[in-house]
Amino acid sequence: MFGLPPDAALDVPERTFTLESYDGGVARWCPGCGDFAVLSAVQRICRDAQVPTEKLAMISGIGCSSRFPHYMHAYGFHGLHGRALPVACGVKARRPDLDVWVATGDGDCCSIGAGHWLHAARYNVDLVVMIFDNSVYGLTKKQTSPTTPIGLATNTHPQGAFLPPLNVAETTLGFPNVSFVARTVDWNPAHLSRTLAAAHAHRGTSFVHILQRCPTYTADLFDEWRRNPDLTTLLVHDDGVPVDDGLRRMYRNQLEHDPRDLGAARRLASMSGGLAIGLLYRDPDAPRLDVHSAVGLGTPPEIKQAMLERELDRFAI
Ligand code: SF4
């Protein structure tokens, strides 16, 4: 099999990684865009975990958030619309030694990429998948996306979107073999960082639904939740996203939720009139395609050839 075995020892020079080690190009999102907060959080997590830049791969599709790989000093693949997940699965399947992250948006993942979204959950390859949800197509200047709320005027629906929006976390929780689903908000850096760190620590596909501010096209979309933290329910549990006193003070509305309870996770993800943030679901034992497909990785060519010839000899006449 092509690829490197999971324990491949590449020649990575010993050094200490700082936040600057992960700086890529100058980020060109609009001032105040929530994507900046996510970029900072990812760089901090990589620094804290001392992930060598040679072992880091950022994969994306198309959209504002999909410019993420340009802004990280790492391997990067800025791909086709909706296709980040199959690329990321392929990278991880053949290079299990890499730390693979995906940046995708509500338009990229939940519309044209929806088939890959479902199957990525089922494959459960070890990835962190950040779904940036600003409820519009921002890069193409405000078209209705699958998560646009009813009534929001866009360039494709000037009288207001009229179809019921898709709930990213709830939908992900409906996919077979899903192993990790969390939700967070870009305007709370502490919760954002801890949620992404929990996703990074999980072995399997970790989906993180990030409510992301887009001051250019949906400036007041999350104002209600930002101004009144009492509308947010903070999920707490020993196995969940760690919360400190600061988070507990900010979100007085707290709920003990066991992330092994899929039924409760689905109810919390879909609750109307409020917003549950934290770890909704985790199954550390869900089967992983990358583990299965890593068998035989790195087999030397002469052994591969001998195996092929032995197989073909079975059909010799
Ligand atoms: Fe961010 Fe919106 Fe600007 Fe895109 S259009 S960079 S999502 S603020």
# chains A, B, ... in the order shown; residues from 1 in each chain; ligands from 1
$ residues_around --residues "Val38 of chain A" --least-positions-apart "4" --cutoff "7 Å" --atoms "only C-alpha atoms" --output "list in words"
Gly34, Val42 and Asp186 of chain A
$ write_last_selection --atoms "N, CA, C and O atoms" --output "PDB file, in the first residue's frame"
ATOM      1  N   GLY A  34     -15.359  36.538  12.495  1.00  0.00           N
ATOM      2  CA  GLY A  34     -15.150  35.519  13.528  1.00  0.00           C
ATOM      3  C   GLY A  34     -14.052  34.523  13.182  1.00  0.00           C
ATOM      4  O   GLY A  34     -13.538  33.834  14.073  1.00  0.00           O
ATOM      5  N   VAL A  42      -6.726  27.783  16.956  1.00  0.00           N
ATOM      6  CA  VAL A  42      -6.033  26.626  16.370  1.00  0.00           C
ATOM      7  C   VAL A  42      -4.521  26.763  16.570  1.00  0.00           C
ATOM      8  O   VAL A  42      -3.830  25.800  16.924  1.00  0.00           O
ATOM      9  N   ASP A 186     -17.765  31.712  18.196  1.00  0.00           N
ATOM     10  CA  ASP A 186     -16.462  32.378  18.024  1.00  0.00           C
ATOM     11  C   ASP A 186     -16.277  33.530  18.993  1.00  0.00           C
ATOM     12  O   ASP A 186     -15.155  33.973  19.243  1.00  0.00           O
TER      13      ASP A 186
END
$ select_by_dssp --residues "segment 189-272 of chain A" --states "helix (DSSP H, G or I)" --output "ChimeraX atom specification"
/A:189-201,223-227,229-231,245-250,262-269
$ atom_distance --atom1 "atom CA of Trp29 of chain A" --atom2 "atom CA of Thr148 of chain A"
20.6 Å
$ residues_near_ligand --ligand "ligand 1" --cutoff "6 Å" --atoms "only C-alpha atoms and all ligand atoms" --output "VMD selection string"
chain A and resid 29 to 30 33 64 138 to 139 214 to 217
$ write_last_selection --atoms "C-alpha atoms" --output "PDB file, in the first residue's frame"
ATOM      1  CA  TRP A  29     -10.792  38.301   6.247  1.00  0.00           C
ATOM      2  CA  CYS A  30     -12.965  41.403   6.849  1.00  0.00           C
ATOM      3  CA  CYS A  33     -14.760  38.447  11.116  1.00  0.00           C
ATOM      4  CA  CYS A  64     -14.259  32.638   3.380  1.00  0.00           C
ATOM      5  CA  GLY A 138     -20.033  35.191   2.368  1.00  0.00           C
ATOM      6  CA  LEU A 139     -17.291  34.857  -0.239  1.00  0.00           C
ATOM      7  CA  CYS A 214     -19.908  37.754   9.644  1.00  0.00           C
ATOM      8  CA  PRO A 215     -20.018  41.513  10.314  1.00  0.00           C
ATOM      9  CA  THR A 216     -20.173  42.224   6.587  1.00  0.00           C
ATOM     10  CA  TYR A 217     -23.308  40.277   5.664  1.00  0.00           C
TER      11      TYR A 217
END
$ residues_around --residues "Gln254 of chain A" --least-positions-apart "2" --cutoff "8 Å" --atoms "only C-alpha atoms" --output "list of chain:residue names"
A:Thr233, A:Leu234, A:Leu235, A:Val236, A:Arg248, A:Tyr251, A:Arg252, A:Glu256
$ residues_around --residues "Ser206 of chain A" --least-positions-apart "6" --cutoff "7 Å" --atoms "only C-alpha atoms" --output "list in words"
Leu127, Val128, Val129, Ser179, Phe180, Val181 and Ala199 of chain A
$ write_last_selection --atoms "all heavy atoms" --output "PDB file, in the first residue's frame"
ATOM      1  N   LEU A 127      -9.827  13.168  12.161  1.00  0.00           N
ATOM      2  CA  LEU A 127      -9.716  14.547  11.660  1.00  0.00           C
ATOM      3  C   LEU A 127     -10.407  15.480  12.650  1.00  0.00           C
ATOM      4  O   LEU A 127     -11.331  15.059  13.344  1.00  0.00           O
ATOM      5  CB  LEU A 127     -10.476  14.728  10.332  1.00  0.00           C
ATOM      6  CG  LEU A 127     -10.337  13.732   9.199  1.00  0.00           C
ATOM      7  CD1 LEU A 127     -11.410  14.002   8.138  1.00  0.00           C
ATOM      8  CD2 LEU A 127      -8.961  13.862   8.589  1.00  0.00           C
ATOM      9  N   VAL A 128      -9.999  16.741  12.634  1.00  0.00           N
ATOM     10  CA  VAL A 128     -10.814  17.774  13.295  1.00  0.00           C
ATOM     11  C   VAL A 128     -11.501  18.555  12.178  1.00  0.00           C
ATOM     12  O   VAL A 128     -10.835  19.122  11.311  1.00  0.00           O
ATOM     13  CB  VAL A 128      -9.954  18.744  14.133  1.00  0.00           C
ATOM     14  CG1 VAL A 128     -10.854  19.800  14.791  1.00  0.00           C
ATOM     15  CG2 VAL A 128      -9.155  17.989  15.195  1.00  0.00           C
ATOM     16  N   VAL A 129     -12.828  18.564  12.197  1.00  0.00           N
ATOM     17  CA  VAL A 129     -13.599  19.251  11.157  1.00  0.00           C
ATOM     18  C   VAL A 129     -14.298  20.454  11.778  1.00  0.00           C
ATOM     19  O   VAL A 129     -15.196  20.306  12.613  1.00  0.00           O
ATOM     20  CB  VAL A 129     -14.649  18.307  10.525  1.00  0.00           C
ATOM     21  CG1 VAL A 129     -15.407  19.029   9.420  1.00  0.00           C
ATOM     22  CG2 VAL A 129     -13.988  17.045   9.987  1.00  0.00           C
ATOM     23  N   SER A 179     -18.870  10.056  15.770  1.00  0.00           N
ATOM     24  CA  SER A 179     -18.183   9.772  17.036  1.00  0.00           C
ATOM     25  C   SER A 179     -17.916  11.007  17.890  1.00  0.00           C
ATOM     26  O   SER A 179     -17.564  10.868  19.058  1.00  0.00           O
ATOM     27  CB  SER A 179     -16.869   9.037  16.772  1.00  0.00           C
ATOM     28  OG  SER A 179     -15.893   9.907  16.235  1.00  0.00           O
ATOM     29  N   PHE A 180     -18.060  12.216  17.323  1.00  0.00           N
ATOM     30  CA  PHE A 180     -17.798  13.417  18.139  1.00  0.00           C
ATOM     31  C   PHE A 180     -18.517  14.594  17.500  1.00  0.00           C
ATOM     32  O   PHE A 180     -18.289  14.912  16.327  1.00  0.00           O
ATOM     33  CB  PHE A 180     -16.294  13.717  18.168  1.00  0.00           C
ATOM     34  CG  PHE A 180     -15.876  14.857  19.068  1.00  0.00           C
ATOM     35  CD1 PHE A 180     -15.221  14.611  20.267  1.00  0.00           C
ATOM     36  CD2 PHE A 180     -16.119  16.185  18.709  1.00  0.00           C
ATOM     37  CE1 PHE A 180     -14.816  15.670  21.092  1.00  0.00           C
ATOM     38  CE2 PHE A 180     -15.728  17.235  19.519  1.00  0.00           C
ATOM     39  CZ  PHE A 180     -15.078  16.987  20.713  1.00  0.00           C
ATOM     40  N   VAL A 181     -19.390  15.241  18.271  1.00  0.00           N
ATOM     41  CA  VAL A 181     -20.062  16.451  17.796  1.00  0.00           C
ATOM     42  C   VAL A 181     -20.086  17.456  18.951  1.00  0.00           C
ATOM     43  O   VAL A 181     -20.533  17.143  20.061  1.00  0.00           O
ATOM     44  CB  VAL A 181     -21.514  16.184  17.323  1.00  0.00           C
ATOM     45  CG1 VAL A 181     -22.166  17.482  16.832  1.00  0.00           C
ATOM     46  CG2 VAL A 181     -21.547  15.131  16.224  1.00  0.00           C
ATOM     47  N   ALA A 199     -11.785  18.431  20.665  1.00  0.00           N
ATOM     48  CA  ALA A 199     -11.917  17.789  19.349  1.00  0.00           C
ATOM     49  C   ALA A 199     -10.570  17.247  18.889  1.00  0.00           C
ATOM     50  O   ALA A 199     -10.474  16.135  18.348  1.00  0.00           O
ATOM     51  CB  ALA A 199     -12.457  18.798  18.335  1.00  0.00           C
TER      52      ALA A 199
END
$ residues_around --residues "segment 17-24 of chain A" --least-positions-apart "3" --cutoff "10 Å" --atoms "only C-alpha atoms" --output "PyMOL selection string"
chain A and resi 14+27+39-40+42-53+56+68-74
$ write_last_selection --atoms "C-alpha atoms" --output "compact mmCIF listing (two decimals), in the first residue's frame"
# COMPACT_ATOMS: atom_id res chain seq x y z
CA GLU A 14 13.91 19.05 17.49
CA ALA A 27 -5.15 36.86 7.07
CA LEU A 39 -7.32 30.92 13.62
CA SER A 40 -5.90 32.12 16.96
CA VAL A 42 -6.03 26.63 16.37
CA GLN A 43 -2.56 28.17 16.58
CA ARG A 44 -2.69 28.09 20.38
CA ILE A 45 -3.77 24.44 20.41
CA CYS A 46 -0.94 23.50 18.04
CA ARG A 47 1.55 25.44 20.17
CA ASP A 48 0.31 23.83 23.39
CA ALA A 49 0.52 20.36 21.82
CA GLN A 50 3.88 21.25 20.16
CA VAL A 51 2.67 19.89 16.82
CA PRO A 52 5.60 20.10 14.36
CA THR A 53 4.63 22.18 11.36
CA LEU A 56 0.31 19.51 10.32
CA PHE A 68 -7.66 29.01 6.47
CA PRO A 69 -4.76 26.92 5.03
CA HIS A 70 -3.17 30.08 3.59
CA TYR A 71 -2.91 31.57 7.06
CA MET A 72 -1.27 28.62 8.81
CA HIS A 73 2.35 27.59 8.41
CA ALA A 74 1.62 23.95 7.63
$ closest_atom_pairs --of "segment 157-249 of chain A" --to "segment 102-115 of chain A" --cutoff "10 Å" --atoms "only C-alpha atoms" --output "Markdown table"
| residue | atom | partner | partner_atom | distance |
| --- | --- | --- | --- | --- |
| A:Leu166 | CA | A:Cys110 | CA | 8.2 |
| A:Asn167 | CA | A:Cys110 | CA | 9.6 |
| A:Val168 | CA | A:Cys110 | CA | 7.6 |
| A:Thr171 | CA | A:Cys110 | CA | 9.5 |
| A:Thr172 | CA | A:Cys110 | CA | 9.9 |
| A:Ser206 | CA | A:Val102 | CA | 10.0 |
| A:Phe207 | CA | A:Val102 | CA | 9.5 |
| A:His209 | CA | A:Asp106 | CA | 9.3 |
| A:Ile210 | CA | A:Gly105 | CA | 9.3 |
| A:Leu211 | CA | A:Asp106 | CA | 9.9 |
| A:Gln212 | CA | A:Gly105 | CA | 9.6 |
$ write_last_selection --atoms "N, CA and C atoms" --output "tab-separated table (two decimals), in the first residue's frame"
chain	number	residue	atom	x	y	z
A	166	LEU	N	-31.24	24.27	7.98
A	166	LEU	CA	-30.69	23.01	8.46
A	166	LEU	C	-29.91	23.28	9.77
A	167	ASN	N	-30.07	22.42	10.74
A	167	ASN	CA	-29.33	22.54	12.01
A	167	ASN	C	-28.08	21.66	11.90
A	168	VAL	N	-26.92	22.29	11.88
A	168	VAL	CA	-25.67	21.57	11.59
A	168	VAL	C	-25.40	20.47	12.62
A	171	THR	N	-28.09	17.65	12.54
A	171	THR	CA	-27.95	16.81	11.35
A	171	THR	C	-26.76	15.87	11.50
A	172	THR	N	-25.64	16.40	11.96
A	172	THR	CA	-24.44	15.56	12.11
A	172	THR	C	-24.70	14.42	13.09
A	206	SER	N	-13.89	14.52	14.46
A	206	SER	CA	-14.50	15.43	15.44
A	206	SER	C	-15.13	16.58	14.68
A	207	PHE	N	-16.45	16.66	14.73
A	207	PHE	CA	-17.15	17.78	14.09
A	207	PHE	C	-17.39	18.86	15.13
A	209	HIS	N	-19.24	22.43	15.36
A	209	HIS	CA	-20.12	23.44	14.77
A	209	HIS	C	-19.80	24.77	15.44
A	210	ILE	N	-19.28	25.71	14.65
A	210	ILE	CA	-18.86	27.01	15.21
A	210	ILE	C	-19.80	28.09	14.68
A	211	LEU	N	-20.56	28.71	15.56
A	211	LEU	CA	-21.35	29.86	15.14
A	211	LEU	C	-20.38	31.01	14.94
A	212	GLN	N	-20.34	31.52	13.73
A	212	GLN	CA	-19.27	32.45	13.34
A	212	GLN	C	-19.85	33.77	12.85
$ atom_distance --atom1 "atom CA of Asp261 of chain A" --atom2 "atom CA of Leu247 of chain A"
23.1 Å
$ select_by_dssp --residues "segment 52-273 of chain A" --states "strand (DSSP E or B)" --output "PyMOL selection string"
chain A and resi 56-60+72+75-78+99-105+127-133+136-137+143-144+180-185+205-211+232-236+254-256
$ closest_residue --among "A:Val178, A:Ala41, A:Ile131, A:Ala219" --to "His119 of chain A" --atoms "only C-alpha atoms"
A:Val178
$ residues_around --residues "Ala294 of chain A" --least-positions-apart "6" --cutoff "8 Å" --atoms "only C-alpha atoms" --output "PyMOL selection string"
chain A and resi 5-6+93-94+96
$ residues_around --residues "Tyr123 of chain A" --least-positions-apart "5" --cutoff "9 Å" --atoms "only C-alpha atoms" --output "list in words"
Cys89, Leu118, Asn177, Val178, Gly204, Thr205, Pro287, Arg288, Leu289 and Asp290 of chain A
$ write_last_selection --atoms "C-alpha atoms" --output "compact mmCIF listing (two decimals), in the first residue's frame"
# COMPACT_ATOMS: atom_id res chain seq x y z
CA CYS A 89 -9.77 11.47 4.52
CA LEU A 118 -22.39 12.16 5.82
CA ASN A 177 -21.07 5.97 13.18
CA VAL A 178 -20.68 9.64 14.16
CA GLY A 204 -11.92 9.87 15.12
CA THR A 205 -13.76 12.54 13.11
CA PRO A 287 -14.78 2.02 14.28
CA ARG A 288 -12.33 4.06 12.19
CA LEU A 289 -11.68 3.55 8.50
CA ASP A 290 -8.13 4.98 8.76
$ closest_residue --among "A:Glu224, A:Asp244, A:Asp230, A:Asp283" --to "His202 of chain A" --atoms "only C-alpha atoms"
A:Asp283
$ closest_residue --among "A:Phe77, A:Phe132, A:Tyr137, A:Trp187" --to "Ala57 of chain A" --atoms "only C-alpha atoms"
A:Phe77
$ atom_distance --atom1 "atom CA of Met130 of chain A" --atom2 "atom CA of Val208 of chain A"
5.0 Å
$ decode --residues "segment 209-243 of chain A" --atoms "N, CA, C and O atoms" --output "compact mmCIF listing (two decimals), in the first residue's frame"
# COMPACT_ATOMS: atom_id res chain seq x y z
N HIS A 209 -19.24 22.43 15.36
CA HIS A 209 -20.12 23.44 14.77
C HIS A 209 -19.80 24.77 15.44
O HIS A 209 -20.02 24.93 16.65
N ILE A 210 -19.28 25.71 14.65
CA ILE A 210 -18.86 27.01 15.21
C ILE A 210 -19.80 28.09 14.68
O ILE A 210 -19.83 28.35 13.46
N LEU A 211 -20.56 28.71 15.56
CA LEU A 211 -21.35 29.86 15.14
C LEU A 211 -20.38 31.01 14.94
O LEU A 211 -19.66 31.41 15.87
N GLN A 212 -20.34 31.52 13.73
CA GLN A 212 -19.27 32.45 13.34
C GLN A 212 -19.85 33.77 12.85
O GLN A 212 -20.69 33.81 11.94
N ARG A 213 -19.38 34.85 13.46
CA ARG A 213 -19.88 36.19 13.08
C ARG A 213 -19.37 36.61 11.70
O ARG A 213 -18.20 36.41 11.40
N CYS A 214 -20.28 37.16 10.94
CA CYS A 214 -19.91 37.75 9.64
C CYS A 214 -20.40 39.20 9.68
O CYS A 214 -21.55 39.49 9.31
N PRO A 215 -19.56 40.13 10.17
CA PRO A 215 -20.02 41.51 10.31
C PRO A 215 -20.38 42.16 8.98
O PRO A 215 -21.10 43.15 8.95
N THR A 216 -19.90 41.60 7.89
CA THR A 216 -20.17 42.22 6.59
C THR A 216 -21.58 41.90 6.08
O THR A 216 -22.27 42.77 5.56
N TYR A 217 -22.02 40.66 6.27
CA TYR A 217 -23.31 40.28 5.66
C TYR A 217 -24.40 39.85 6.65
O TYR A 217 -25.57 39.85 6.29
N THR A 218 -24.01 39.41 7.85
CA THR A 218 -25.06 39.03 8.82
C THR A 218 -24.67 39.62 10.18
O THR A 218 -24.57 38.90 11.18
N ALA A 219 -24.51 40.94 10.16
CA ALA A 219 -23.90 41.62 11.31
C ALA A 219 -24.63 41.36 12.64
O ALA A 219 -24.00 41.19 13.67
N ASP A 220 -25.95 41.35 12.62
CA ASP A 220 -26.66 41.25 13.90
C ASP A 220 -27.26 39.87 14.15
O ASP A 220 -28.08 39.68 15.05
N LEU A 221 -26.83 38.89 13.37
CA LEU A 221 -27.47 37.57 13.43
C LEU A 221 -27.42 36.93 14.82
O LEU A 221 -28.38 36.31 15.26
N PHE A 222 -26.30 37.09 15.51
CA PHE A 222 -26.14 36.41 16.81
C PHE A 222 -26.26 37.39 17.98
O PHE A 222 -25.91 37.04 19.10
N ASP A 223 -26.73 38.61 17.69
CA ASP A 223 -26.74 39.64 18.74
C ASP A 223 -27.51 39.22 19.98
O ASP A 223 -27.10 39.48 21.11
N GLU A 224 -28.64 38.56 19.75
CA GLU A 224 -29.49 38.17 20.89
C GLU A 224 -28.69 37.30 21.86
O GLU A 224 -28.69 37.50 23.08
N TRP A 225 -27.97 36.32 21.30
CA TRP A 225 -27.21 35.39 22.14
C TRP A 225 -25.98 36.06 22.74
O TRP A 225 -25.57 35.73 23.85
N ARG A 226 -25.41 37.01 21.99
CA ARG A 226 -24.21 37.67 22.50
C ARG A 226 -24.56 38.63 23.63
O ARG A 226 -23.83 38.76 24.61
N ARG A 227 -25.71 39.30 23.50
CA ARG A 227 -26.07 40.30 24.51
C ARG A 227 -26.67 39.66 25.76
O ARG A 227 -26.60 40.22 26.85
N ASN A 228 -27.30 38.52 25.57
CA ASN A 228 -27.97 37.88 26.71
C ASN A 228 -27.46 36.44 26.87
O ASN A 228 -28.05 35.50 26.34
N PRO A 229 -26.36 36.26 27.61
CA PRO A 229 -25.79 34.91 27.78
C PRO A 229 -26.77 33.94 28.45
O PRO A 229 -26.57 32.72 28.36
N ASP A 230 -27.82 34.46 29.08
CA ASP A 230 -28.77 33.56 29.73
C ASP A 230 -29.56 32.74 28.70
O ASP A 230 -30.24 31.76 29.06
N LEU A 231 -29.50 33.13 27.43
CA LEU A 231 -30.17 32.34 26.41
C LEU A 231 -29.33 31.14 25.97
O LEU A 231 -29.78 30.29 25.21
N THR A 232 -28.09 31.10 26.46
CA THR A 232 -27.17 30.00 26.11
C THR A 232 -27.13 29.00 27.24
O THR A 232 -27.04 29.37 28.42
N THR A 233 -27.19 27.72 26.89
CA THR A 233 -27.04 26.65 27.88
C THR A 233 -25.64 26.08 27.77
O THR A 233 -25.24 25.59 26.70
N LEU A 234 -24.89 26.17 28.87
CA LEU A 234 -23.52 25.65 28.88
C LEU A 234 -23.58 24.18 29.33
O LEU A 234 -24.02 23.88 30.43
N LEU A 235 -23.15 23.29 28.44
CA LEU A 235 -23.15 21.86 28.78
C LEU A 235 -21.92 21.55 29.64
O LEU A 235 -20.80 21.92 29.28
N VAL A 236 -22.15 20.90 30.76
CA VAL A 236 -21.05 20.57 31.66
C VAL A 236 -21.06 19.07 31.96
O VAL A 236 -22.13 18.45 32.07
N HIS A 237 -19.86 18.53 32.07
CA HIS A 237 -19.72 17.11 32.43
C HIS A 237 -18.22 16.84 32.59
O HIS A 237 -17.40 17.48 31.92
N ASP A 238 -17.89 15.87 33.45
CA ASP A 238 -16.47 15.53 33.63
C ASP A 238 -15.83 15.09 32.32
O ASP A 238 -14.62 15.26 32.12
N ASP A 239 -16.60 14.49 31.42
CA ASP A 239 -16.07 14.03 30.14
C ASP A 239 -16.33 15.03 29.02
O ASP A 239 -16.13 14.72 27.84
N GLY A 240 -16.84 16.20 29.35
CA GLY A 240 -17.19 17.18 28.33
C GLY A 240 -16.09 18.22 28.12
O GLY A 240 -14.93 18.01 28.49
N VAL A 241 -16.47 19.35 27.55
CA VAL A 241 -15.52 20.46 27.38
C VAL A 241 -15.25 21.04 28.78
O VAL A 241 -16.20 21.37 29.50
N PRO A 242 -13.99 21.14 29.19
CA PRO A 242 -13.71 21.67 30.53
C PRO A 242 -14.19 23.12 30.68
O PRO A 242 -13.98 23.93 29.78
N VAL A 243 -14.86 23.40 31.78
CA VAL A 243 -15.33 24.77 32.01
C VAL A 243 -14.74 25.27 33.32
O VAL A 243 -14.64 24.54 34.29
